[in-house]
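Source file final27.tsv; content: TSV, C-alpha atoms.
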chain	number	residue	atom	x	y	z
Z	1	MET	CA	0.00	0.00	0.00
Z	2	ALA	CA	2.80	2.40	0.90
Z	3	ALA	CA	4.57	1.69	-2.39
Z	4	SER	CA	1.41	2.55	-4.32
Z	5	LEU	CA	1.11	5.82	-2.39
Z	6	LEU	CA	4.67	6.71	-3.30
Z	7	ASN	CA	4.00	5.94	-6.95
Z	8	LYS	CA	0.86	8.11	-6.86
Z	9	ALA	CA	2.63	10.95	-5.11
Z	10	LEU	CA	5.48	10.97	-7.61
Z	11	LYS	CA	3.40	10.11	-10.69
Z	12	PRO	CA	4.71	13.07	-12.76
Z	13	ILE	CA	8.24	11.72	-12.48
Z	14	LYS	CA	9.13	9.39	-15.34
Z	15	HIS	CA	12.11	7.23	-14.52
Z	16	PRO	CA	11.95	3.43	-14.92
Z	17	ASN	CA	14.71	2.58	-12.45
Z	18	PHE	CA	13.17	4.79	-9.79
Z	19	LEU	CA	9.70	3.32	-10.22
Z	20	SER	CA	11.14	-0.18	-10.15
Z	21	ALA	CA	12.88	0.61	-6.88
Z	22	LEU	CA	9.67	1.96	-5.39
Z	23	ARG	CA	7.77	-1.19	-6.29
Z	24	SER	CA	10.42	-3.20	-4.48
Z	25	LEU	CA	9.66	-1.42	-1.21
Z	26	SER	CA	7.83	-3.32	1.51
Z	27	PHE	CA	6.61	-1.28	4.45
Z	28	SER	CA	5.36	-4.23	6.44
Z	29	SER	CA	8.73	-5.01	8.02
Z	30	ILE	CA	10.97	-3.17	10.43
Z	31	ALA	CA	12.86	-0.28	8.86
Z	32	THR	CA	16.64	-0.25	8.66
Z	33	ALA	CA	18.39	0.83	11.81
Z	34	HIS	CA	22.13	0.55	12.17
Z	35	GLY	CA	24.46	1.81	14.84
Z	36	ASN	CA	23.66	3.24	18.23
Z	37	PRO	CA	21.28	6.17	18.53
Z	38	SER	CA	22.88	9.51	19.24
Z	39	ASP	CA	23.09	10.53	22.86
Z	40	GLY	CA	20.61	12.84	24.53
Z	41	PRO	CA	16.89	12.79	25.21
Z	42	SER	CA	16.00	14.34	21.86
Z	43	SER	CA	17.35	11.32	20.00
Z	44	SER	CA	14.18	9.33	20.49
Z	45	SER	CA	11.64	11.87	19.28
Z	46	PHE	CA	10.49	13.84	16.27
Z	47	THR	CA	9.18	17.32	16.97
Z	48	PHE	CA	6.57	19.37	15.16
Z	49	ASP	CA	5.64	23.01	15.69
Z	50	ASN	CA	3.64	25.78	14.10
Z	51	ALA	CA	6.49	28.14	13.41
Z	52	ASN	CA	4.99	28.56	9.97
Z	53	ASN	CA	1.25	29.10	10.15
Z	54	ASN	CA	0.72	29.27	6.43
Z	55	LYS	CA	-2.36	27.11	5.81
Z	56	GLU	CA	-2.71	27.96	2.13
Z	57	LYS	CA	-2.77	25.16	-0.38
Z	58	ASP	CA	0.59	24.08	-1.69
Z	59	ASP	CA	0.73	23.19	-5.37
Z	60	ASN	CA	3.23	20.47	-4.48
Z	61	GLY	CA	1.13	19.16	-1.62
Z	62	ILE	CA	0.02	15.63	-0.96
Z	63	TYR	CA	-3.52	15.75	0.39
Z	64	ILE	CA	-5.10	12.97	2.41
Z	65	LYS	CA	-8.55	12.04	3.63
Z	66	PRO	CA	-9.03	13.70	7.05
Z	67	PRO	CA	-8.84	11.14	9.86
Z	68	THR	CA	-11.01	11.05	12.94
Z	69	SER	CA	-10.36	14.23	14.88
Z	70	ASN	CA	-8.52	14.08	18.18
Z	71	ALA	CA	-9.69	16.73	20.62
Z	72	SER	CA	-6.56	16.47	22.75
Z	73	THR	CA	-4.31	17.64	19.90
Z	74	GLU	CA	-6.52	19.96	17.89
Z	75	ASN	CA	-5.58	23.07	19.86
Z	76	THR	CA	-1.94	22.31	20.59
Z	77	THR	CA	0.81	24.33	18.97
Z	78	SER	CA	3.57	21.73	19.24
Z	79	VAL	CA	3.77	17.98	19.50
Z	80	THR	CA	6.66	15.75	20.54
Z	81	MET	CA	6.35	12.07	19.74
Z	82	PRO	CA	8.59	9.20	20.87
Z	83	MET	CA	10.00	7.29	17.92
Z	84	SER	CA	11.72	3.90	17.70
Z	85	PHE	CA	12.92	2.39	14.45
Z	86	MET	CA	14.08	-0.75	16.21
Z	87	THR	CA	10.64	-2.06	17.13
Z	88	GLY	CA	7.23	-2.46	15.56
Z	89	SER	CA	5.55	-0.35	18.21
Z	90	ILE	CA	2.84	2.25	17.57
Z	91	VAL	CA	3.52	5.67	19.08
Z	92	GLY	CA	0.74	8.18	19.64
Z	93	LYS	CA	-2.35	8.79	17.55
Z	94	ARG	CA	-2.32	10.52	14.21
Z	95	PHE	CA	-2.80	14.20	15.04
Z	96	TYR	CA	-2.75	15.78	11.56
Z	97	GLU	CA	-5.09	15.80	8.59
Z	98	LYS	CA	-3.15	17.18	5.63
Z	99	VAL	CA	0.41	16.49	4.45
Z	100	THR	CA	2.08	18.97	2.10
Z	101	THR	CA	5.53	19.87	0.82
Z	102	ARG	CA	6.94	23.35	0.30
Z	103	LYS	CA	10.18	25.24	-0.20
Z	104	SER	CA	12.23	25.74	2.94
Z	105	ASP	CA	12.28	29.21	4.50
Z	106	ASP	CA	15.76	29.99	3.15
Z	107	GLY	CA	14.78	28.81	-0.34
Z	108	VAL	CA	17.38	26.05	-0.30
Z	109	GLY	CA	15.77	22.63	-0.06
Z	110	TRP	CA	12.29	21.37	0.74
Z	111	THR	CA	10.31	20.67	3.89
Z	112	VAL	CA	7.28	18.57	4.81
Z	113	MET	CA	4.26	20.12	6.53
Z	114	LEU	CA	1.77	18.25	8.72
Z	115	ASP	CA	-1.17	20.64	8.58
Z	116	TYR	CA	0.54	23.91	9.62
Z	117	ARG	CA	3.35	22.16	11.52
Z	118	THR	CA	6.86	21.98	10.09
Z	119	LEU	CA	8.30	18.47	10.31
Z	120	LYS	CA	11.46	18.53	12.39
Z	121	THR	CA	14.35	16.25	13.22
Z	122	PRO	CA	14.92	14.68	16.66
Z	123	SER	CA	17.06	17.69	17.65
Z	124	LYS	CA	14.17	20.00	16.73
Z	125	ARG	CA	15.67	21.43	13.55
Z	126	PRO	CA	13.53	21.72	10.40
Z	127	LEU	CA	13.74	18.60	8.24
Z	128	LYS	CA	15.25	20.33	5.20
Z	129	LEU	CA	15.57	17.92	2.28
Z	130	PRO	CA	17.74	18.40	-0.83
Z	131	THR	CA	15.09	17.55	-3.44
Z	132	LEU	CA	11.34	17.85	-3.94
Z	133	ALA	CA	11.16	14.17	-4.91
Z	134	LEU	CA	12.58	13.09	-1.54
Z	135	ALA	CA	10.25	15.48	0.30
Z	136	LYS	CA	7.24	14.02	-1.52
Z	137	ALA	CA	8.33	10.47	-0.75
Z	138	ILE	CA	8.67	11.23	2.97
Z	139	ALA	CA	5.35	13.06	2.84
Z	140	ALA	CA	3.83	9.88	1.39
Z	141	GLU	CA	5.16	7.92	4.38
Z	142	TRP	CA	3.36	10.32	6.72
Z	143	GLU	CA	0.24	10.26	4.54
Z	144	TYR	CA	0.15	6.47	4.84
Z	145	GLN	CA	-0.06	6.55	8.66
Z	146	GLN	CA	-3.38	5.36	10.03
Z	147	THR	CA	-5.70	7.17	12.41
Z	148	ASP	CA	-5.07	4.84	15.35
Z	149	GLY	CA	-1.35	5.59	15.57
Z	150	ILE	CA	2.01	6.46	14.01
Z	151	ARG	CA	4.08	3.47	12.93
Z	152	PRO	CA	7.75	4.56	12.70
Z	153	PHE	CA	8.83	1.21	11.28
Z	154	THR	CA	6.89	2.02	8.09
Z	155	MET	CA	8.97	5.16	7.46
Z	156	PRO	CA	12.47	4.06	6.41
Z	157	LEU	CA	13.03	7.17	4.27
Z	158	MET	CA	12.26	9.42	7.23
Z	159	LYS	CA	14.75	7.49	9.32
Z	160	LEU	CA	17.47	7.78	6.68
Z	161	ALA	CA	16.81	11.51	6.22
Z	162	CYS	CA	17.26	12.15	9.95
Z	163	THR	CA	20.43	10.07	9.92
Z	164	ALA	CA	21.83	12.06	6.98
Z	165	LEU	CA	20.91	15.44	8.44
Z	166	GLU	CA	21.92	14.87	12.05
Z	167	ARG	CA	24.24	11.91	12.61
Z	168	VAL	CA	26.41	11.91	9.50
Z	169	PRO	CA	27.73	15.50	9.84
Z	170	LEU	CA	28.82	14.77	13.42
Z	171	THR	CA	30.21	11.26	12.89
Z	172	ARG	CA	31.39	11.30	9.25
Z	173	THR	CA	34.98	10.39	10.12
Z	174	LYS	CA	33.90	7.52	12.38
Z	175	ILE	CA	31.49	6.18	9.76
Z	176	ILE	CA	34.20	6.06	7.11
Z	177	GLU	CA	36.67	4.50	9.54
Z	178	HIS	CA	34.14	1.81	10.43
Z	179	LEU	CA	33.40	1.04	6.78
Z	180	MET	CA	37.08	0.75	5.94
Z	181	LYS	CA	37.76	-1.37	9.01
Z	182	LYS	CA	35.34	-3.98	7.66
Z	183	PHE	CA	36.47	-3.65	4.04
Z	184	ASP	CA	39.08	-6.44	4.13
Z	185	GLN	CA	36.44	-8.91	5.39
Z	186	ASP	CA	33.93	-7.91	2.73
Z	187	LEU	CA	31.42	-10.60	1.74
Z	188	VAL	CA	32.49	-10.61	-1.92
Z	189	PHE	CA	36.17	-11.21	-1.12
Z	190	CYS	CA	35.49	-14.47	0.72
Z	191	ARG	CA	35.56	-17.45	-1.66
Z	192	ALA	CA	34.39	-20.97	-0.80
Z	193	PRO	CA	37.04	-23.70	-1.37
Z	194	GLU	CA	36.82	-25.28	-4.82
Z	195	ASP	CA	38.35	-28.65	-3.84
Z	196	ASN	CA	35.74	-29.48	-1.19
Z	197	THR	CA	32.67	-31.43	-2.27
Z	198	LEU	CA	30.53	-29.59	0.28
Z	199	THR	CA	31.45	-26.14	-1.02
Z	200	ALA	CA	32.17	-26.76	-4.71
Z	201	GLY	CA	28.64	-25.65	-5.68
Z	202	VAL	CA	28.97	-22.43	-3.71
Z	203	HIS	CA	32.36	-21.75	-5.34
Z	204	ALA	CA	30.92	-22.22	-8.82
Z	205	ARG	CA	28.04	-19.83	-8.07
Z	206	GLN	CA	30.45	-17.25	-6.65
Z	207	VAL	CA	32.57	-17.40	-9.80
Z	208	GLU	CA	29.46	-16.88	-11.90
Z	209	LYS	CA	27.83	-14.10	-9.88
Z	210	VAL	CA	30.57	-12.38	-7.87
Z	211	ASP	CA	33.46	-12.29	-10.32
Z	212	PRO	CA	31.75	-9.74	-12.63
Z	213	LEU	CA	31.43	-7.39	-9.66
Z	214	LEU	CA	35.10	-7.87	-8.77
Z	215	SER	CA	36.05	-7.14	-12.38
Z	216	TRP	CA	34.02	-3.93	-12.20
Z	217	LEU	CA	35.77	-3.01	-8.94
Z	218	ASN	CA	39.12	-3.44	-10.68
Z	219	SER	CA	38.15	-1.28	-13.65
Z	220	GLU	CA	36.47	1.38	-11.49
Z	221	PHE	CA	39.30	1.88	-8.99
Z	222	GLY	CA	42.30	0.58	-10.96
Z	223	PHE	CA	43.36	-2.11	-8.50
Z	224	GLN	CA	42.78	-5.88	-8.55
Z	225	PRO	CA	40.89	-7.09	-5.47
Z	226	ILE	CA	42.21	-10.15	-3.62
Z	227	VAL	CA	39.91	-13.10	-2.89
Z	228	TYR	CA	40.61	-15.55	-0.06
Z	229	SER	CA	39.20	-18.68	1.54
Z	230	SER	CA	40.24	-18.01	5.13
Z	231	PHE	CA	37.45	-17.70	7.67
Z	232	PHE	CA	39.37	-14.85	9.30
Z	233	GLY	CA	39.57	-12.81	6.12
Z	234	GLY	CA	42.50	-11.40	4.20
Z	235	LYS	CA	44.11	-8.08	3.39
Z	236	GLN	CA	43.34	-5.92	0.38
Z	237	GLY	CA	46.06	-3.91	-1.32
Z	238	GLU	CA	46.75	-0.42	-0.02
Z	239	GLY	CA	45.94	1.11	-3.39
Z	240	LEU	CA	42.42	-0.28	-3.54
Z	241	SER	CA	41.68	0.54	0.09
Z	242	LYS	CA	42.91	4.11	-0.34
Z	243	ALA	CA	40.89	4.61	-3.53
Z	244	VAL	CA	37.68	3.42	-1.84
Z	245	GLU	CA	38.34	5.58	1.22
Z	246	ASN	CA	38.90	8.65	-0.98
Z	247	LEU	CA	35.56	8.02	-2.69
Z	248	LEU	CA	33.77	7.85	0.66
Z	249	LYS	CA	35.33	11.14	1.73
Z	250	LYS	CA	33.92	12.85	-1.38
Z	251	THR	CA	30.32	11.80	-0.75
Z	252	ASP	CA	27.69	14.18	0.58
Z	253	ASP	CA	25.81	13.42	3.80
Z	254	CYS	CA	22.83	11.74	2.11
Z	255	GLU	CA	25.10	9.57	-0.03
Z	256	LEU	CA	27.21	8.45	2.94
Z	257	ALA	CA	24.10	7.66	4.99
Z	258	ALA	CA	22.77	5.49	2.16
Z	259	ILE	CA	26.12	3.77	1.57
Z	260	ASP	CA	26.47	3.01	5.28
Z	261	ALA	CA	22.93	1.60	5.49
Z	262	LEU	CA	23.45	-0.53	2.38
Z	263	ALA	CA	26.81	-1.84	3.59
Z	264	ALA	CA	25.35	-2.79	6.98
Z	265	ALA	CA	22.43	-4.64	5.38
Z	266	ALA	CA	24.60	-6.35	2.76
Z	267	HIS	CA	27.64	-7.04	4.98
Z	268	SER	CA	29.51	-5.66	1.99
Z	269	LEU	CA	30.86	-2.22	1.16
Z	270	VAL	CA	31.56	-3.42	-2.39
Z	271	ILE	CA	27.90	-4.30	-3.01
Z	272	SER	CA	26.95	-0.94	-1.51
Z	273	LEU	CA	29.32	0.87	-3.88
Z	274	GLY	CA	27.97	-1.19	-6.78
Z	275	ILE	CA	24.51	0.20	-6.06
Z	276	PHE	CA	25.94	3.68	-5.51
Z	277	HIS	CA	27.57	3.66	-8.96
Z	278	GLY	CA	24.60	2.03	-10.70
Z	279	LYS	CA	26.45	-1.21	-11.38
Z	280	LEU	CA	23.94	-3.26	-9.37
Z	281	GLN	CA	20.16	-3.09	-9.30
Z	282	ILE	CA	18.23	-3.96	-6.13
Z	283	GLU	CA	17.40	-7.51	-7.22
Z	284	GLU	CA	21.00	-8.21	-8.28
Z	285	ALA	CA	22.35	-6.95	-4.96
Z	286	ILE	CA	19.94	-9.11	-2.96
Z	287	GLU	CA	20.89	-12.15	-5.03
Z	288	LEU	CA	24.58	-11.62	-4.22
Z	289	ILE	CA	23.90	-11.05	-0.52
Z	290	ARG	CA	21.85	-14.24	-0.24
Z	291	LEU	CA	23.91	-16.37	-2.62
Z	292	GLU	CA	25.05	-18.99	-0.11
Z	293	GLU	CA	21.84	-19.06	1.91
Z	294	ASP	CA	19.68	-19.42	-1.20
Z	295	LEU	CA	21.73	-22.46	-2.21
Z	296	GLN	CA	20.99	-23.98	1.18
Z	297	VAL	CA	17.29	-23.17	0.82
Z	298	ASP	CA	17.25	-24.81	-2.62
Z	299	LYS	CA	18.76	-27.94	-1.11
Z	300	TRP	CA	16.99	-28.19	2.25
Z	301	GLY	CA	13.90	-26.05	1.83
Z	302	LEU	CA	12.66	-22.73	3.19
Z	303	VAL	CA	11.79	-22.33	6.87
Z	304	GLU	CA	8.56	-20.36	7.15
Z	305	GLY	CA	8.75	-17.58	9.69
Z	306	GLY	CA	12.54	-17.61	9.32
Z	307	HIS	CA	13.95	-17.42	5.83
Z	308	ASP	CA	10.93	-15.63	4.39
Z	309	VAL	CA	11.02	-12.97	7.11
Z	310	ASP	CA	14.76	-12.47	6.59
Z	311	ILE	CA	14.24	-12.04	2.84
Z	312	ALA	CA	11.42	-9.51	3.33
Z	313	ASP	CA	13.46	-7.52	5.85
Z	314	LEU	CA	16.50	-7.49	3.55
Z	315	LYS	CA	14.35	-6.21	0.67
Z	316	VAL	CA	13.11	-3.35	2.82
Z	317	GLN	CA	16.63	-2.38	3.92
Z	318	ILE	CA	18.22	-2.51	0.46
Z	319	SER	CA	15.26	-0.98	-1.38
Z	320	SER	CA	14.68	1.92	1.01
Z	321	ALA	CA	18.36	2.92	1.08
Z	322	THR	CA	18.59	2.67	-2.72
Z	323	VAL	CA	15.46	4.78	-3.21
Z	324	PHE	CA	16.71	7.32	-0.67
Z	325	LEU	CA	20.02	7.54	-2.50
Z	326	GLY	CA	18.33	8.18	-5.84
Z	327	LEU	CA	15.76	10.67	-4.54
Z	328	SER	CA	18.40	12.71	-2.72
Z	329	ARG	CA	20.33	13.36	-5.94
Z	330	LYS	CA	19.30	16.57	-7.67
Z	331	ASN	CA	20.27	15.26	-11.09
Z	332	PHE	CA	18.63	11.84	-10.67
Z	333	PHE	CA	15.72	12.59	-12.99
Z	334	HIS	CA	17.62	14.43	-15.71

Please, can you express the file's structure as structure tokens?
Amino acid sequence: MAASLLNKALKPIKHPNFLSALRSLSFSSIATAHGNPSDGPSSSSFTFDNANNNKEKDDNGIYIKPPTSNASTENTTSVTMPMSFMTGSIVGKRFYEKVTTRKSDDGVGWTVMLDYRTLKTPSKRPLKLPTLALAKAIAAEWEYQQTDGIRPFTMPLMKLACTALERVPLTRTKIIEHLMKKFDQDLVFCRAPEDNTLTAGVHARQVEKVDPLLSWLNSEFGFQPIVYSSFFGGKQGEGLSKAVENLLKKTDDCELAAIDALAAAAHSLVISLGIFHGKLQIEEAIELIRLEEDLQVDKWGLVEGGHDVDIADLKVQISSATVFLGLSRKNFFH
């Protein structure tokens, strides 16, 4: 349902890859959440206020059917709601009727309005987004919320936006250090032994599916990656590691937030960079991530309530971060 709302909200935008990514979204699972929340009491809440009381119609607005009114919130001028992206809990009742988007006060970026309230980040700063497309997508997430309560786990784009605007600027160096620390143990560098009857099938599938990505990595950065069979990992050449680190340092905050979320979900910075550069589509990335497990499922069968839930959750994490990455780019639709 949420995916259809996003498609409806962004109907004027014609881009096949974007629409395909939207259709891959599933809002029924827990949204991506990686790393520890930032310190301080404001970290667990989104804040809304009526700093801008402009109630005029916005040409770029997303209008919804008014929900059942809530007398306790009708006359309030500000609302603070607890939010948790780690659980499937419902927090507070829906207190707004209309969701719109408009230009930010400084004319740089876009904001989302809940009635006359400006949507704000956990630290109570206006949620200023780089593109109208991203603002509309986040507005669609808020439009989708039901009258009986707000479901944060159905708003992965909102979560990523807050991460990009608040956490990345403060922890950029640590994020890059963490990504590079795990680079040598990247999923795509680990190769199953070829001379073992138990792993020969996995090795053959890795050669078929992973080697093209490694070839791309070589051509993109100019250094041949090293594959290994050791459980404890190996060591990539200094040239390749430095080239990847330099790329991460050149990213903007939205790009780094998306790359970090993708790498955490995929257990692979290389797969994350493949999506970042357009080498991999969502379905291709998921196939690589689940390569070994899917072989086991083919052999022994799927465990309901286990494998299927893992697959659905992975689709949400990869799809939402990929869509966020595309929508945050100003030249994505040109």

Could you tell me how far CA of Leu134 in chain Z lies from CA of Leu327 in chain Z, in Å and to one decimal?
5.0 Å

Residue nearest Asp106 in chain Z - candidates Z:Cys162, Z:Gln146, Z:Lys93, Z:Lys128, atoms counted: all atoms listed in the file:
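Nearest to Asp106 in chain Z: Z:Lys128.
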
Which is closer to Leu187 in chain Z than all the others in Z:Ser268, Z:Thr171, Z:Thr121, Z:Ser230, using all atoms listed in the file?
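Distance minimum relative to Leu187 in chain Z lands on Z:Ser268.
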
Pick from Z:Lys330, Z:Arg290, Z:His277, Z:His203, whichever lies nearest to Cys254 in chain Z using only C-alpha atoms:
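Smallest distance to Cys254 in chain Z is found for Z:Lys330.
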
For a test of reading the model, state the distance in Å between CA of Val207 in chain Z and CA of Gln317 in chain Z, rounded to one decimal.
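Taking CA of Val207 in chain Z as the start and CA of Gln317 in chain Z as the end point, the length is 25.8 Å.
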
So how far away is CA of Leu217 in chain Z from CA of Gly237 in chain Z, in Å?
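Taking CA of Gly237 in chain Z and CA of Leu217 in chain Z, their separation equals 12.8 Å.
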
Would you mind completing range 116-129 of chain Z so that it carries N, CA, C and O atoms, and writing it out as a PDB file, keeping the file's coordinate frame?
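Output below, filename result-v3.pdb:
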ATOM      1  N   TYR Z 116      -0.277  22.697   9.599  1.00  0.00           N
ATOM      2  CA  TYR Z 116       0.540  23.910   9.620  1.00  0.00           C
ATOM      3  C   TYR Z 116       1.855  23.697  10.369  1.00  0.00           C
ATOM      4  O   TYR Z 116       2.603  24.628  10.604  1.00  0.00           O
ATOM      5  N   ARG Z 117       2.137  22.456  10.764  1.00  0.00           N
ATOM      6  CA  ARG Z 117       3.350  22.160  11.520  1.00  0.00           C
ATOM      7  C   ARG Z 117       4.489  21.791  10.576  1.00  0.00           C
ATOM      8  O   ARG Z 117       4.310  20.996   9.670  1.00  0.00           O
ATOM      9  N   THR Z 118       5.668  22.330  10.852  1.00  0.00           N
ATOM     10  CA  THR Z 118       6.860  21.980  10.090  1.00  0.00           C
ATOM     11  C   THR Z 118       7.476  20.716  10.677  1.00  0.00           C
ATOM     12  O   THR Z 118       7.734  20.653  11.887  1.00  0.00           O
ATOM     13  N   LEU Z 119       7.689  19.714   9.852  1.00  0.00           N
ATOM     14  CA  LEU Z 119       8.300  18.470  10.310  1.00  0.00           C
ATOM     15  C   LEU Z 119       9.744  18.736  10.698  1.00  0.00           C
ATOM     16  O   LEU Z 119      10.495  19.359   9.941  1.00  0.00           O
ATOM     17  N   LYS Z 120      10.111  18.269  11.892  1.00  0.00           N
ATOM     18  CA  LYS Z 120      11.460  18.530  12.390  1.00  0.00           C
ATOM     19  C   LYS Z 120      12.187  17.240  12.737  1.00  0.00           C
ATOM     20  O   LYS Z 120      11.594  16.185  12.884  1.00  0.00           O
ATOM     21  N   THR Z 121      13.492  17.380  12.883  1.00  0.00           N
ATOM     22  CA  THR Z 121      14.350  16.250  13.220  1.00  0.00           C
ATOM     23  C   THR Z 121      14.304  16.017  14.727  1.00  0.00           C
ATOM     24  O   THR Z 121      13.750  16.835  15.471  1.00  0.00           O
ATOM     25  N   PRO Z 122      14.905  14.925  15.218  1.00  0.00           N
ATOM     26  CA  PRO Z 122      14.920  14.680  16.660  1.00  0.00           C
ATOM     27  C   PRO Z 122      15.536  15.799  17.488  1.00  0.00           C
ATOM     28  O   PRO Z 122      15.169  15.997  18.639  1.00  0.00           O
ATOM     29  N   SER Z 123      16.454  16.576  16.912  1.00  0.00           N
ATOM     30  CA  SER Z 123      17.060  17.690  17.650  1.00  0.00           C
ATOM     31  C   SER Z 123      16.303  18.996  17.433  1.00  0.00           C
ATOM     32  O   SER Z 123      16.809  20.073  17.724  1.00  0.00           O
ATOM     33  N   LYS Z 124      15.087  18.874  16.877  1.00  0.00           N
ATOM     34  CA  LYS Z 124      14.170  20.000  16.730  1.00  0.00           C
ATOM     35  C   LYS Z 124      14.625  21.030  15.704  1.00  0.00           C
ATOM     36  O   LYS Z 124      14.322  22.219  15.823  1.00  0.00           O
ATOM     37  N   ARG Z 125      15.334  20.566  14.686  1.00  0.00           N
ATOM     38  CA  ARG Z 125      15.670  21.430  13.550  1.00  0.00           C
ATOM     39  C   ARG Z 125      14.758  21.061  12.390  1.00  0.00           C
ATOM     40  O   ARG Z 125      14.405  19.890  12.228  1.00  0.00           O
ATOM     41  N   PRO Z 126      14.391  22.020  11.547  1.00  0.00           N
ATOM     42  CA  PRO Z 126      13.530  21.720  10.400  1.00  0.00           C
ATOM     43  C   PRO Z 126      14.127  20.618   9.527  1.00  0.00           C
ATOM     44  O   PRO Z 126      15.334  20.606   9.270  1.00  0.00           O
ATOM     45  N   LEU Z 127      13.291  19.688   9.116  1.00  0.00           N
ATOM     46  CA  LEU Z 127      13.740  18.600   8.240  1.00  0.00           C
ATOM     47  C   LEU Z 127      13.864  19.162   6.826  1.00  0.00           C
ATOM     48  O   LEU Z 127      12.932  19.109   6.040  1.00  0.00           O
ATOM     49  N   LYS Z 128      15.030  19.700   6.498  1.00  0.00           N
ATOM     50  CA  LYS Z 128      15.250  20.330   5.200  1.00  0.00           C
ATOM     51  C   LYS Z 128      15.882  19.310   4.251  1.00  0.00           C
ATOM     52  O   LYS Z 128      17.003  18.849   4.485  1.00  0.00           O
ATOM     53  N   LEU Z 129      15.163  18.978   3.199  1.00  0.00           N
ATOM     54  CA  LEU Z 129      15.570  17.920   2.280  1.00  0.00           C
ATOM     55  C   LEU Z 129      16.116  18.507   0.985  1.00  0.00           C
ATOM     56  O   LEU Z 129      15.666  19.575   0.535  1.00  0.00           O
TER      57      LEU Z 129
END
